[in-house]
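*Asks:* File follows, protein.txt with compact mmCIF, C-alpha atoms:
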```txt
# COMPACT_ATOMS: atom_id res chain seq x y z
CA MET D 12 101.50 111.73 82.06
CA LYS D 13 104.14 110.82 79.53
CA ARG D 14 106.31 107.96 80.78
CA ASP D 15 109.59 109.65 79.91
CA GLN D 16 108.51 112.74 81.84
CA CYS D 17 107.92 110.54 84.89
CA LEU D 18 111.31 108.91 84.45
CA LYS D 19 112.96 112.33 84.17
CA LEU D 20 111.43 113.24 87.53
CA ILE D 21 112.70 110.02 89.09
CA ALA D 22 116.11 110.71 87.57
CA LYS D 23 116.07 114.20 89.07
CA TYR D 24 115.80 112.79 92.59
CA HIS D 25 117.77 109.60 91.97
CA ARG D 26 121.04 109.33 93.90
CA ASP D 27 122.70 105.92 93.96
CA GLU D 28 119.69 103.62 93.98
CA LEU D 29 119.95 100.44 91.93
CA VAL D 30 117.45 100.62 89.08
CA VAL D 31 115.71 97.65 87.45
CA PRO D 32 113.66 98.79 84.44
CA VAL D 33 111.74 96.74 81.88
CA TYR D 34 111.36 97.03 78.12
CA GLN D 35 110.34 100.52 76.89
CA ALA D 36 111.15 102.08 80.24
CA THR D 37 114.65 100.63 79.93
CA PHE D 38 115.38 102.46 76.69
CA GLU D 39 114.07 105.69 78.15
CA TRP D 40 115.84 105.31 81.49
CA LEU D 41 119.18 104.48 79.85
CA ALA D 42 118.90 107.60 77.72
CA ILE D 43 117.77 109.82 80.59
CA LYS D 44 120.20 108.60 83.27
CA PRO D 45 122.94 106.54 81.60
CA GLU D 46 125.23 106.80 84.60
CA ALA D 47 122.75 105.16 87.00
CA PRO D 48 123.47 101.59 88.18
CA THR D 49 120.90 99.90 85.96
CA PHE D 50 120.09 96.22 85.54
CA THR D 51 118.24 95.77 82.26
CA ALA D 52 115.55 93.27 83.29
CA VAL D 53 114.48 92.00 79.93
CA GLY D 54 115.69 88.41 79.90
CA ALA D 55 112.32 86.98 80.84
CA MET D 56 109.14 89.06 80.97
CA GLY D 57 107.69 89.53 84.44
CA GLN D 58 110.87 88.88 86.36
CA ALA D 59 111.91 92.46 87.17
CA SER D 60 110.20 92.52 90.56
CA SER D 61 111.86 89.24 91.54
CA LEU D 62 115.26 90.41 90.35
CA ALA D 63 114.77 93.60 92.34
CA LEU D 64 113.93 91.56 95.43
CA GLY D 65 117.16 89.63 94.99
CA PHE D 66 119.15 92.86 94.78
CA ALA D 67 117.31 94.30 97.77
CA LEU D 68 118.07 91.22 99.89
CA GLY D 69 121.65 90.89 98.68
CA ALA D 70 122.56 94.55 99.05
CA PRO D 71 120.52 95.78 102.02
CA GLU D 72 122.69 98.89 102.28
CA ARG D 73 121.47 100.03 98.85
CA ARG D 74 118.00 101.16 97.82
CA VAL D 75 116.43 99.45 94.82
CA ILE D 76 113.99 100.97 92.34
CA VAL D 77 112.13 98.66 89.97
CA LEU D 78 110.52 100.34 86.96
CA ASP D 79 108.00 97.62 86.17
CA GLY D 80 105.33 97.51 83.49
CA ASP D 81 101.70 96.64 84.05
CA GLY D 82 101.79 93.67 81.68
CA SER D 83 105.07 92.56 83.21
CA LEU D 84 103.75 92.70 86.75
CA LEU D 85 100.58 90.83 85.78
CA MET D 86 102.85 88.03 84.58
CA ASN D 87 104.40 87.71 88.05
CA LEU D 88 101.67 88.90 90.41
CA GLY D 89 102.70 86.43 93.09
CA SER D 90 105.88 88.44 93.47
CA LEU D 91 103.82 91.09 95.26
CA VAL D 92 103.09 88.56 98.01
CA THR D 93 106.66 87.27 98.04
CA ILE D 94 108.04 90.82 98.31
CA ALA D 95 105.57 91.82 101.00
CA ASN D 96 106.48 88.72 103.00
CA ALA D 97 110.22 89.35 102.65
CA ALA D 98 109.53 93.00 103.55
CA PRO D 99 112.64 94.64 102.12
CA GLY D 100 112.66 98.17 103.47
CA ASN D 101 114.90 99.24 100.61
CA LEU D 102 112.60 98.30 97.70
CA LEU D 103 110.50 100.82 95.76
CA HIS D 104 108.29 99.26 93.11
CA PHE D 105 107.19 101.65 90.37
CA VAL D 106 104.67 100.39 87.82
CA CYS D 107 104.33 102.25 84.53
CA GLU D 108 100.67 101.53 83.83
CA ASN D 109 99.83 102.21 80.20
CA GLY D 110 97.19 99.51 79.89
CA THR D 111 98.89 97.79 76.98
CA TYR D 112 101.56 95.32 75.98
CA GLU D 113 103.39 98.19 74.36
CA ALA D 114 106.40 96.22 73.10
CA ASN D 115 104.16 93.51 71.63
CA GLY D 116 101.83 95.47 69.43
CA GLY D 117 99.94 97.60 71.92
CA HIS D 118 97.23 95.09 72.72
CA PRO D 119 95.34 95.82 75.95
CA ILE D 120 96.21 94.10 79.21
CA PRO D 121 93.44 92.03 80.78
CA ALA D 122 91.06 94.12 82.90
CA ARG D 123 92.55 97.34 81.61
CA ASP D 124 91.04 100.30 83.52
CA ARG D 125 89.57 97.93 86.11
CA VAL D 126 92.56 96.32 87.79
CA SER D 127 94.03 98.30 90.70
CA PHE D 128 97.74 97.80 91.17
CA THR D 129 97.75 99.80 94.38
CA GLY D 130 94.87 97.66 95.64
CA LEU D 131 96.74 94.49 94.77
CA ALA D 132 99.91 95.72 96.47
CA LEU D 133 98.18 96.76 99.66
CA ALA D 134 96.22 93.50 99.79
CA ALA D 135 99.49 91.61 99.35
CA GLY D 136 101.01 93.45 102.29
CA TYR D 137 103.08 96.31 100.87
CA ARG D 138 103.66 99.04 103.44
CA GLU D 139 102.43 101.79 101.14
CA ALA D 140 100.94 102.19 97.69
CA HIS D 141 100.46 105.41 95.73
CA GLU D 142 98.86 106.24 92.41
CA PHE D 143 99.71 109.23 90.25
CA SER D 144 98.26 110.62 87.06
CA GLU D 145 99.58 114.21 87.30
CA LEU D 146 103.24 115.13 87.02
CA ALA D 147 103.02 117.95 89.55
CA THR D 148 101.52 115.66 92.17
CA LEU D 149 104.15 113.05 91.47
CA GLU D 150 106.99 115.54 91.80
CA ALA D 151 105.64 116.83 95.09
CA ALA D 152 105.48 113.33 96.55
CA LEU D 153 108.60 111.81 94.99
CA PRO D 154 111.28 112.99 97.46
CA GLY D 155 109.31 111.50 100.34
CA ILE D 156 108.57 108.29 98.49
CA LEU D 157 112.23 107.77 97.64
CA ARG D 158 113.06 107.96 101.35
CA ALA D 159 110.16 105.79 102.49
CA THR D 160 110.56 102.39 104.07
CA GLY D 161 109.57 99.75 101.58
CA PRO D 162 108.15 97.85 100.09
CA VAL D 163 106.24 100.67 98.42
CA LEU D 164 104.34 100.42 95.14
CA ILE D 165 103.94 103.53 93.01
CA ASP D 166 101.48 103.23 90.15
CA LEU D 167 102.18 105.75 87.40
CA LYS D 168 99.29 106.20 84.96
CA VAL D 169 101.27 106.84 81.82
CA GLU D 170 101.18 107.00 78.09
CA PRO D 171 104.19 106.75 75.77
CA GLY D 172 106.31 109.86 75.47
CA ALA D 173 109.04 110.78 73.06
CA SER D 174 110.81 108.14 71.00
CA TYR D 175 114.15 106.88 72.29
CA PRO D 176 116.84 104.76 70.63
CA GLN D 177 116.17 101.06 71.07
CA ASP D 178 119.47 99.25 71.46
CA TRP D 179 118.24 95.71 72.07
CA ALA D 180 121.75 94.28 71.66
CA TYR D 181 123.04 96.40 74.56
CA MET D 182 119.98 95.60 76.68
CA HIS D 183 120.54 91.87 76.35
CA GLY D 184 124.31 92.00 76.21
CA ALA D 185 126.87 91.05 78.83
CA ALA D 186 128.34 94.57 78.86
CA ALA D 187 125.22 96.01 80.49
CA ARG D 188 125.32 93.42 83.26
CA GLU D 189 129.05 93.87 83.83
CA LYS D 190 128.59 97.63 84.08
CA PHE D 191 125.91 97.04 86.70
CA ARG D 192 128.12 94.56 88.57
CA ALA D 193 130.93 97.09 88.66
CA ALA D 194 128.58 99.82 89.90
CA LEU D 195 127.44 97.56 92.73
CA ARG D 196 131.01 97.38 93.97
CA LEU D 197 131.67 101.12 93.88
CA PRO D 198 131.54 103.05 97.14
CA ARG D 199 128.14 104.63 97.72
CA ARG D 200 127.62 108.32 97.14
CA ALA D 201 127.76 110.36 100.33
CA MET F 26 121.81 47.73 89.41
CA THR F 27 118.22 46.69 89.99
CA GLU F 28 115.71 49.08 91.44
CA ALA F 29 115.15 46.88 94.49
CA ALA F 30 118.86 46.47 95.09
CA SER F 31 119.62 50.12 94.67
CA ASN F 32 116.92 51.15 97.07
CA SER F 33 118.38 48.90 99.74
CA ALA F 34 121.25 51.40 99.98
CA ALA F 35 120.83 54.00 102.65
CA GLY F 36 119.20 57.22 101.58
CA ILE F 37 120.87 60.59 101.95
CA ALA F 38 120.35 62.22 105.31
CA GLY F 39 118.57 65.56 105.15
CA ALA F 40 121.04 66.91 107.69
CA ALA F 41 123.92 65.89 105.44
CA ILE F 42 122.31 67.73 102.52
CA VAL F 43 121.92 70.91 104.54
CA ASP F 44 125.50 70.66 105.78
CA ALA F 45 126.73 70.19 102.22
CA ILE F 46 124.75 73.20 101.02
CA LYS F 47 126.33 75.29 103.75
CA ARG F 48 129.79 73.99 102.86
CA GLY F 49 129.06 75.24 99.36
CA GLY F 50 128.84 78.74 100.79
CA VAL F 51 125.10 79.07 100.35
CA GLU F 52 123.50 81.74 102.52
CA PHE F 53 120.00 82.03 101.01
CA ILE F 54 117.51 79.23 100.37
CA VAL F 55 114.65 80.23 98.07
CA SER F 56 111.80 77.76 97.99
CA VAL F 57 108.38 76.58 97.05
CA PRO F 58 107.81 73.44 99.18
CA ASP F 59 108.56 70.15 97.45
CA ARG F 60 107.13 66.85 98.71
CA VAL F 61 110.45 65.02 98.31
CA THR F 62 112.50 67.41 100.43
CA SER F 63 109.81 69.07 102.53
CA GLU F 64 110.28 67.26 105.81
CA THR F 65 113.98 66.51 105.88
CA VAL F 66 115.49 69.51 104.10
CA LEU F 67 113.13 72.48 104.03
CA ARG F 68 111.99 72.15 107.65
CA ARG F 69 115.63 71.90 108.71
CA VAL F 70 116.49 74.98 106.64
CA ALA F 71 113.61 76.91 108.15
CA SER F 72 114.99 76.37 111.64
CA ASP F 73 118.66 76.94 110.77
CA SER F 74 119.73 80.43 111.77
CA ALA F 75 122.73 80.27 109.44
CA LEU F 76 120.45 80.17 106.41
CA LYS F 77 118.04 82.85 105.22
CA LEU F 78 114.84 81.32 103.82
CA VAL F 79 112.91 83.25 101.17
CA ARG F 80 109.50 81.70 100.56
CA VAL F 81 108.30 82.41 97.02
CA CYS F 82 104.88 81.95 95.44
CA LYS F 83 106.20 80.51 92.18
CA GLU F 84 109.49 78.92 91.30
CA ASP F 85 110.50 81.25 88.47
CA GLU F 86 110.64 84.08 90.99
CA GLY F 87 113.38 82.09 92.67
CA VAL F 88 115.43 81.87 89.49
CA SER F 89 115.56 85.66 89.40
CA ILE F 90 116.17 86.09 93.11
CA CYS F 91 119.10 83.66 93.05
CA ALA F 92 120.52 85.32 89.93
CA ALA F 93 120.29 88.78 91.48
CA LEU F 94 121.88 87.61 94.72
CA SER F 95 124.88 86.40 92.73
CA PHE F 96 125.58 89.99 91.69
CA CYS F 97 125.81 90.83 95.37
CA ASP F 98 128.31 88.01 95.97
CA LYS F 99 125.67 86.03 97.86
CA ARG F 100 125.20 82.35 97.14
CA ALA F 101 121.71 80.92 97.01
CA LEU F 102 119.91 77.66 96.31
CA LEU F 103 116.44 77.33 94.83
CA LEU F 104 114.70 74.35 96.46
CA MET F 105 111.71 73.06 94.50
CA GLN F 106 109.97 70.11 92.88
CA ASN F 107 110.43 68.94 89.29
CA THR F 108 107.06 70.49 88.51
CA GLY F 109 108.44 73.87 89.56
CA LEU F 110 111.49 73.39 87.40
CA LEU F 111 109.24 72.72 84.42
CA ASP F 112 107.25 75.85 85.24
CA SER F 113 110.45 77.92 85.34
CA VAL F 114 111.90 77.02 81.96
CA ASN F 115 111.56 80.49 80.43
CA ALA F 116 113.20 82.24 83.38
CA LEU F 117 115.97 79.65 83.30
CA ARG F 118 116.36 80.16 79.57
CA GLY F 119 116.48 83.94 79.70
CA ILE F 120 118.20 84.66 82.98
CA ALA F 121 120.30 81.67 83.98
CA VAL F 122 121.38 80.25 80.61
CA GLU F 123 121.45 83.18 78.20
CA TYR F 124 122.81 85.58 80.82
CA LYS F 125 125.25 82.93 82.11
CA LEU F 126 124.41 83.34 85.78
CA PRO F 127 125.02 80.90 88.63
CA VAL F 128 121.53 79.75 89.57
CA VAL F 129 121.79 76.63 91.72
CA MET F 130 118.68 74.51 92.11
CA MET F 131 117.84 71.45 94.19
CA VAL F 132 114.93 69.64 92.59
CA GLY F 133 112.95 66.85 94.20
CA LEU F 134 111.78 64.26 91.67
CA LEU F 135 108.21 63.56 92.68
CA SER F 136 107.29 59.85 92.54
CA HIS F 137 110.82 58.79 91.59
CA GLU F 138 111.89 56.54 94.45
CA SER F 139 114.43 54.68 92.38
CA ALA F 140 118.19 54.88 91.88
CA ALA F 141 117.58 54.33 88.18
CA PRO F 142 118.25 57.34 85.98
CA PRO F 143 115.32 59.77 85.96
CA THR F 144 114.82 59.03 82.25
CA GLN F 145 113.68 55.54 83.30
CA SER F 146 111.11 56.81 85.79
CA ARG F 147 107.52 55.62 85.64
CA SER F 148 106.53 59.27 85.96
CA TYR F 149 106.33 61.26 82.71
CA GLY F 150 107.02 64.47 84.63
CA VAL F 151 110.28 62.98 85.89
CA ARG F 152 111.31 61.24 82.65
CA ILE F 153 111.39 64.50 80.72
CA VAL F 154 113.49 66.45 83.23
CA THR F 155 117.03 65.52 82.21
CA PRO F 156 116.31 65.59 78.45
CA ILE F 157 115.05 69.15 78.94
CA LEU F 158 118.14 70.07 80.96
CA ASP F 159 120.34 68.50 78.28
CA ALA F 160 118.55 70.49 75.60
CA MET F 161 119.06 73.68 77.59
CA GLY F 162 122.70 72.88 78.30
CA ILE F 163 122.17 72.96 82.06
CA ALA F 164 124.49 70.81 84.19
CA TYR F 165 122.95 68.45 86.74
CA GLU F 166 123.83 65.88 89.39
CA PHE F 167 121.56 63.00 90.40
CA LEU F 168 121.61 62.39 94.16
CA HIS F 169 120.06 59.23 95.54
CA SER F 170 122.08 57.38 98.17
CA ALA F 171 124.10 58.20 101.28
CA GLY F 172 127.43 59.61 100.21
CA ASP F 173 126.01 61.40 97.16
CA GLU F 174 125.84 64.54 99.27
CA GLN F 175 129.62 64.73 98.91
CA ARG F 176 129.08 65.96 95.37
CA ILE F 177 126.93 68.92 96.41
CA ALA F 178 129.50 71.47 97.64
CA PRO F 179 131.97 70.88 94.76
CA ALA F 180 129.14 71.22 92.24
CA ILE F 181 128.05 74.51 93.81
CA GLU F 182 131.65 75.72 93.69
CA ARG F 183 131.84 74.89 89.98
CA ALA F 184 128.57 76.66 89.24
CA TYR F 185 129.75 79.89 90.84
CA ALA F 186 133.29 79.62 89.51
CA ASN F 187 132.00 79.20 85.96
CA SER F 188 128.87 81.37 86.36
CA ILE F 189 126.50 78.68 85.10
CA PRO F 190 123.23 77.20 86.31
CA LEU F 191 123.23 73.84 88.09
CA VAL F 192 120.49 71.39 89.04
CA LEU F 193 120.86 68.92 91.90
CA LEU F 194 118.23 66.24 91.36
CA VAL F 195 117.05 64.44 94.49
CA GLY F 196 115.74 61.02 93.55
CA ARG F 197 114.07 59.90 96.74
CA SER F 198 113.08 61.51 99.98
CA PRO F 199 116.11 62.10 102.18
CA VAL F 200 115.96 60.45 105.57
```
Turn this file's structure into structure tokens for me.

*Replies:*
Amino acid sequence: MKRDQCLKLIAKYHRDELVVPVYQATFEWLAIKPEAPTFTAVGAMGQASSLALGFALGAPERRVIVLDGDGSLLMNLGSLVTIANAAPGNLLHFVCENGTYEANGGHPIPARDRVSFTGLALAAGYREAHEFSELATLEAALPGILRATGPVLIDLKVEPGASYPQDWAYMHGAAAREKFRAALRLPRRA
Amino acid sequence: MTEAASNSAAGIAGAAIVDAIKRGGVEFIVSVPDRVTSETVLRRVASDSALKLVRVCKEDEGVSICAALSFCDKRALLLMQNTGLLDSVNALRGIAVEYKLPVVMMVGLLSHESAAPPTQSRSYGVRIVTPILDAMGIAYEFLHSAGDEQRIAPAIERAYANSIPLVLLVGRSPV
């Protein structure tokens, strides 16, 4: 599956969930769904899942989607245990598994093709974990997954898709965070 | 002030620390256990129904959790040891400092049982803490003796008012 195709599917079913993407997925998500309440989690690699947990605990009335990377999650694997222990029912943890450090030269992640992110999540105590490598299967399951009680991990076996503009200044800038802060305070969609 | 003389002063009461944290409007405590504050602060927090305790596996997770909670208008405190602070430098750099977010930390200084400044500690891991915080531009308060807890709530207020990180250094085990 191409990653941007997966993100387009998520965007299709996205309503008012808070979204926490990392690196390449951030550029794609911002282009695909610019109006979504998006926290660009690129300040420190690996921290997206922990940021998402903070949002999930602080805004329990909202649902939170983290669009993690495989290299990013490996950098903060303990967060799986922390999240499972905190058990936020409103947290959906997507992992875009491409097997590489895509933003850093495309070098392979350790144990590429051997590590099981769904296995790790279930062993940590996530309520559910799903793995997808076909778009049609993902689309069929997505509406149910987005309504599921979390924490749920969804491993997307992806490869890069189309090229998207890479506005690093916006991603790191205060304007992106202030836009997210303002979106948090808006009334929820009915 | 000599080390012996300073240590004759009463230590801070753990209960007073927890009360001060609550006066600072803190609702969430995020923690990896720290030997300095384990018995008198963390155990009290764990049994206090007014505080929500989030146990994390690694301290840098807590930096992010506290930062995210601030977007939701929730105040939090990351309770950890100086070793955890050192392990969290990149998250502090990227999320708390560069993003200018109010991440409040209480850091036990392991093996520093003195009222002397942490830079004069016998422990290398303690001596380097405040120079690192100075280099990062992170504000800190050194808490050692009874009465120092009075500085906690105002410092938390300043951190949230100015959206900046803050470290509260605890120099000896509270009583």

*Asks:* Please return, as a list of chain:residue names, all residues of chain D lying within 6 Å of chain F when only C-alpha atoms are considered.

*Replies:*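 Using only C-alpha atoms, chain D residues at most 6 Å from chain F: D:Gly54, D:Ala55, D:Ser61, D:Leu62, D:Gly65, D:Phe66, D:Gly69, D:Gly89, D:Thr93.
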
*Asks:* Grab the CA of Glu39 (chain D) to CA of Arg73 (chain D) distance for me, in Å with one decimal place.

*Replies:*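 Value for the CA of Glu39 (chain D)-CA of Arg73 (chain D) distance: 22.7 Å.
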
*Asks:* By how many Å are CA of Ala38 (chain F) and CA of Val154 (chain F) apart?

*Replies:*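 It comes out at 23.5 Å.
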
*Asks:* For CA of Pro171 (chain D) and CA of Ala185 (chain D), quote the distance in Å rounded to one decimal.

*Replies:*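 These two atoms are separated by 27.8 Å.
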
*Asks:* Please determine, counting all atoms listed in the file, which residue among F:Val61, F:Leu191, F:Ser56, F:Leu135 has the shortest atom-to-atom distance to Met161 (chain F).

*Replies:*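 Nearest candidate to Met161 (chain F) out of F:Val61, F:Leu191, F:Ser56, F:Leu135: F:Leu191.
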
*Asks:* Which is closer to Gly110 (chain D) than all the others in D:Asp15, D:Glu170, D:Glu139, D:Asp79, using only C-alpha atoms?

*Replies:*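 Answer, going by the shortest atom-to-atom distance: D:Glu170.
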
*Asks:* Please return, as a PyMOL selection string, all polymer residues that have at least one atom within 12 Å of the point (100.4, 87.8, 97.8); use all atoms listed in the file and the file's own coordinate frame.

*Replies:* (chain D and resi 87-98+130-137) or (chain F and resi 80-83)

*Asks:* Which residue, D:Phe50, D:Phe143, D:Phe105, D:Phe38, has the smallest gap to Leu195 (chain D) when you use only C-alpha atoms?

*Replies:*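 Checking each candidate against Leu195 (chain D), we get D:Phe50 as the closest.
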
*Asks:* Neighbours of Cys107 (chain D) within 8 Å (all atoms listed in the file; same-chain residues fewer than 2 positions away dropped), as an NGL selection string?

*Replies:* :D and (14 or 78-81 or 105 or 109 or 166-169)

*Asks:* Kindly indicate which residue among D:Ala63, D:Val106, D:Leu149, D:Met56 lies nearest to Met86 (chain D), using only C-alpha atoms for the distances.

*Replies:*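 Once distances to Met86 (chain D) are computed over only C-alpha atoms, the minimum belongs to D:Met56.
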